[in-house]
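This is structure-v4.txt. It holds compact mmCIF, C-alpha atoms.
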# COMPACT_ATOMS: atom_id res chain seq x y z
CA MET A 30 -25.66 -47.25 -55.23
CA VAL A 31 -27.73 -50.14 -53.90
CA ILE A 32 -31.40 -49.62 -53.19
CA GLU A 33 -32.34 -51.64 -50.12
CA ASN A 34 -36.07 -51.10 -50.12
CA LYS A 35 -37.74 -50.68 -53.51
CA THR A 36 -40.90 -49.17 -51.98
CA ASP A 37 -38.91 -46.13 -50.78
CA CYS A 38 -38.13 -45.18 -54.39
CA CYS A 39 -41.52 -45.50 -55.99
CA PHE A 40 -44.52 -43.22 -56.16
CA PRO A 41 -47.47 -45.66 -56.12
CA LYS A 42 -50.95 -44.81 -57.35
CA LYS A 43 -52.39 -44.86 -53.83
CA LEU A 44 -50.23 -41.80 -53.02
CA ARG A 45 -51.31 -39.83 -56.11
CA LEU A 46 -54.31 -37.80 -57.13
CA LEU A 47 -55.28 -39.28 -60.47
CA ARG A 48 -58.69 -37.99 -61.53
CA THR A 49 -59.78 -34.54 -62.59
CA THR A 50 -62.59 -34.67 -60.03
CA GLU A 51 -60.04 -35.18 -57.24
CA PHE A 52 -58.06 -32.13 -58.38
CA ARG A 53 -61.25 -30.05 -58.66
CA ARG A 54 -62.35 -31.05 -55.15
CA VAL A 55 -59.01 -29.86 -53.73
CA TYR A 56 -59.16 -26.58 -55.68
CA ALA A 57 -62.79 -26.04 -54.56
CA GLN A 58 -61.74 -26.01 -50.88
CA ARG A 59 -59.79 -22.81 -51.64
CA GLN A 60 -57.12 -23.52 -49.04
CA SER A 61 -53.75 -22.55 -50.47
CA VAL A 62 -50.31 -21.33 -49.48
CA ALA A 63 -47.54 -20.09 -51.77
CA ASN A 64 -43.80 -19.65 -51.63
CA GLY A 65 -41.61 -18.76 -54.58
CA PRO A 66 -42.54 -20.73 -57.67
CA LEU A 67 -44.86 -23.16 -55.86
CA VAL A 68 -48.50 -22.91 -54.79
CA MET A 69 -49.86 -25.72 -52.61
CA TYR A 70 -53.59 -26.40 -52.41
CA GLY A 71 -55.00 -28.84 -49.89
CA SER A 72 -58.09 -30.35 -48.37
CA ARG A 73 -59.08 -33.14 -46.03
CA GLN A 74 -59.73 -36.45 -47.75
CA VAL A 75 -63.34 -37.52 -48.07
CA ASN A 76 -62.63 -41.17 -47.31
CA ARG A 77 -60.03 -40.50 -44.56
CA LEU A 78 -57.08 -42.55 -45.75
CA ASN A 79 -54.08 -42.64 -43.43
CA HIS A 80 -51.70 -41.03 -45.89
CA VAL A 81 -51.33 -37.91 -47.98
CA ARG A 82 -52.24 -38.07 -51.66
CA PHE A 83 -50.19 -35.79 -53.87
CA GLY A 84 -50.96 -34.24 -57.27
CA ILE A 85 -48.75 -32.08 -59.48
CA SER A 86 -49.91 -29.50 -61.98
CA VAL A 87 -47.40 -27.83 -64.28
CA SER A 88 -48.79 -25.47 -66.91
CA ARG A 89 -47.37 -25.05 -70.40
CA ARG A 90 -46.52 -21.49 -69.42
CA VAL A 91 -43.72 -22.88 -67.23
CA GLY A 92 -41.79 -24.07 -70.27
CA ASN A 93 -41.50 -26.81 -72.81
CA ALA A 94 -42.07 -30.50 -72.07
CA VAL A 95 -38.50 -31.00 -70.87
CA VAL A 96 -38.78 -28.22 -68.28
CA ARG A 97 -42.24 -29.34 -67.13
CA ASN A 98 -41.01 -32.91 -66.65
CA GLN A 99 -37.96 -31.67 -64.73
CA TRP A 100 -40.27 -29.85 -62.32
CA LYS A 101 -42.42 -32.97 -61.87
CA ARG A 102 -39.39 -35.17 -61.23
CA LYS A 103 -37.99 -32.71 -58.68
CA LEU A 104 -41.32 -32.44 -56.85
CA ARG A 105 -41.86 -36.21 -56.78
CA GLU A 106 -38.34 -36.71 -55.44
CA ALA A 107 -38.88 -34.07 -52.74
CA PHE A 108 -42.15 -35.73 -51.77
CA ARG A 109 -40.48 -39.16 -51.57
CA ASN A 110 -37.72 -37.73 -49.37
CA ALA A 111 -40.23 -36.16 -46.99
CA LYS A 112 -42.93 -38.85 -47.18
CA ALA A 113 -42.54 -39.73 -43.49
CA GLU A 114 -43.48 -36.17 -42.49
CA PHE A 115 -46.80 -36.27 -44.35
CA LEU A 116 -48.78 -38.48 -41.98
CA GLU A 117 -52.22 -36.93 -42.11
CA ASP A 118 -55.19 -37.56 -44.37
CA PHE A 119 -54.84 -34.63 -46.77
CA ASP A 120 -55.06 -34.35 -50.52
CA VAL A 121 -52.45 -31.91 -51.77
CA VAL A 122 -51.97 -30.35 -55.22
CA ILE A 123 -48.74 -28.55 -56.06
CA VAL A 124 -48.98 -25.96 -58.85
CA VAL A 125 -45.79 -24.62 -60.39
CA ARG A 126 -45.94 -20.97 -61.37
CA ALA A 127 -44.31 -19.82 -64.61
CA SER A 128 -40.67 -19.53 -63.57
CA GLY A 129 -38.47 -21.52 -65.95
CA ALA A 130 -36.39 -24.58 -65.17
CA PRO A 131 -36.15 -25.92 -61.61
CA PRO A 132 -32.94 -25.49 -59.63
CA THR A 133 -30.46 -28.33 -60.04
CA GLY A 134 -27.93 -30.05 -57.79
CA LYS A 135 -27.97 -31.92 -54.50
CA LYS A 136 -28.44 -28.77 -52.42
CA SER A 137 -31.44 -27.76 -54.52
CA ALA A 138 -33.08 -31.16 -53.87
CA GLN A 139 -32.76 -30.59 -50.12
CA GLU A 140 -34.10 -27.05 -50.50
CA MET A 141 -37.09 -28.35 -52.51
CA THR A 142 -37.83 -30.89 -49.76
CA GLN A 143 -37.63 -28.16 -47.11
CA LEU A 144 -39.89 -25.91 -49.18
CA LEU A 145 -42.49 -28.69 -49.48
CA LEU A 146 -42.37 -29.33 -45.72
CA CYS A 147 -42.71 -25.62 -44.98
CA LEU A 148 -45.66 -25.24 -47.35
CA PHE A 149 -47.33 -28.37 -45.98
CA GLY A 150 -46.96 -27.14 -42.38
CA ARG A 151 -48.54 -23.80 -43.27
CA LEU A 152 -51.32 -25.52 -45.23
CA ARG A 153 -52.06 -27.94 -42.36
CA THR A 154 -52.39 -25.02 -39.95
CA LYS A 155 -54.67 -23.14 -42.34
CA ILE A 156 -56.96 -26.14 -42.91
CA ARG A 157 -57.21 -26.91 -39.19
CA HIS A 158 -58.01 -23.28 -38.46
CA SER A 159 -60.77 -23.21 -41.10
CA GLU A 160 -62.29 -26.42 -39.69
CA ARG A 161 -62.63 -24.84 -36.25
CA ALA A 162 -64.37 -21.73 -37.57

Could you show the structure in this file as structure tokens?
Amino acid sequence: MVIENKTDCCFPKKLRLLRTTEFRRVYAQRQSVANGPLVMYGSRQVNRLNHVRFGISVSRRVGNAVVRNQWKRKLREAFRNAKAEFLEDFDVVIVVRASGAPPTGKKSAQEMTQLLLCLFGRLRTKIRHSERA
């Protein structure tokens, strides 16, 4: 497998939520949607960047370090696959509920990407609706 564009495979810092204050700001907006083992929180960015910033939170209740890292890898991969769909200036935090190891296989990667897109669409609608009210 030859990787033509290295930037398609990375998850740079500008696309991540890094600080505790950034996570707290997203949680404080109280805009969330859930589906299966994932809960997605979101808010508009304060500084209006032209891309989504993404944070992952996996509790110890989900499993040991191996399982938690598997979840993070799967979510980062799903985000990279769907990065073109996330065009707006949102900060998003994905929280994994206690559910054990993530599904494996090529089909599961596509399903994870579709789940992220579905959750993001619902979250976008919810945030826009709350801004109008």

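Distances here use only C-alpha atoms; by that measure, the residue among A:Val87, A:Ala57, A:Ala107, A:Leu78 closest to A:Lys135 is A:Ala107.
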
Exercise for the section: Using all atoms listed in the file, collect all residues at a distance of at most 9 Å from (-45.4, -26.7, -44.9) as written in the file, then present them as JSON, numbers by chain. Expected result: {"A": [62, 69, 143, 144, 145, 146, 147, 148, 149, 150, 151, 152, 153, 154]}

Problem - Pick from A:Ser159, A:Phe119, A:Arg105, A:Phe52 nearest to A:Val75, counting all atoms listed in the file - result: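 Among the listed residues, A:Phe119 lies closest to A:Val75.
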
Problem - Between atom CA of A:Glu117 and atom CA of A:Lys101, distance in Å (one decimal) - result: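 Atom CA of A:Lys101 lies at a distance of 22.4 Å from atom CA of A:Glu117.
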
Practice task
Tell me, in Å to one decimal, how far atom CA of A:Gln58 is from atom CA of A:Ile156.
Solution key: 9.3 Å

Problem - Between atom CA of A:Ala130 and atom CA of A:Leu44 - distance in Å to one decimal - result: 25.2 Å

Practice task
Name the residues in contact with A:Arg59 at a cut-off of 9 Å, using all atoms listed in the file, excluding same-chain residues fewer than 2 positions from it; report them as a list of chain:residue names.
Solution key: A:Val55, A:Tyr56, A:Ala57, A:Ser61, A:Tyr70, A:Gly71, A:Ser72

Problem - Shortest interatomic distance to A:Arg102 - which of A:Ser128, A:Asp118, A:Arg157, A:Ala138, counting all atoms listed in the file - result: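 Residue with the minimum atom-to-atom distance to A:Arg102: A:Ala138.
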
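Using only C-alpha atoms, the nearest neighbour of A:Phe40 within the list A:Val95, A:Leu67, A:Leu104, A:Val125 is A:Leu104.
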
Exercise for the section: For A:Lys43, list every protein, DNA or RNA residue within 10 Å, evaluated using only C-alpha atoms, and leave out those in the same chain fewer than 6 positions away; present the list as an MDAnalysis selection string. Expected result: chainID A and resid 78 80:83

Practice task
Identify which of the residues A:Arg161, A:Arg90, A:Arg109, A:Arg54 lies closest to A:Cys39, counting only C-alpha atoms when measuring atom-to-atom distances.
Solution key: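 Nearest to A:Cys39: A:Arg109.
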
Fill in the blank from the handout: Judged by all atoms listed in the file, the minimum distance to A:Phe115 among A:Leu47, A:Thr142, A:Gly92, A:Ala63 is found for A:Thr142
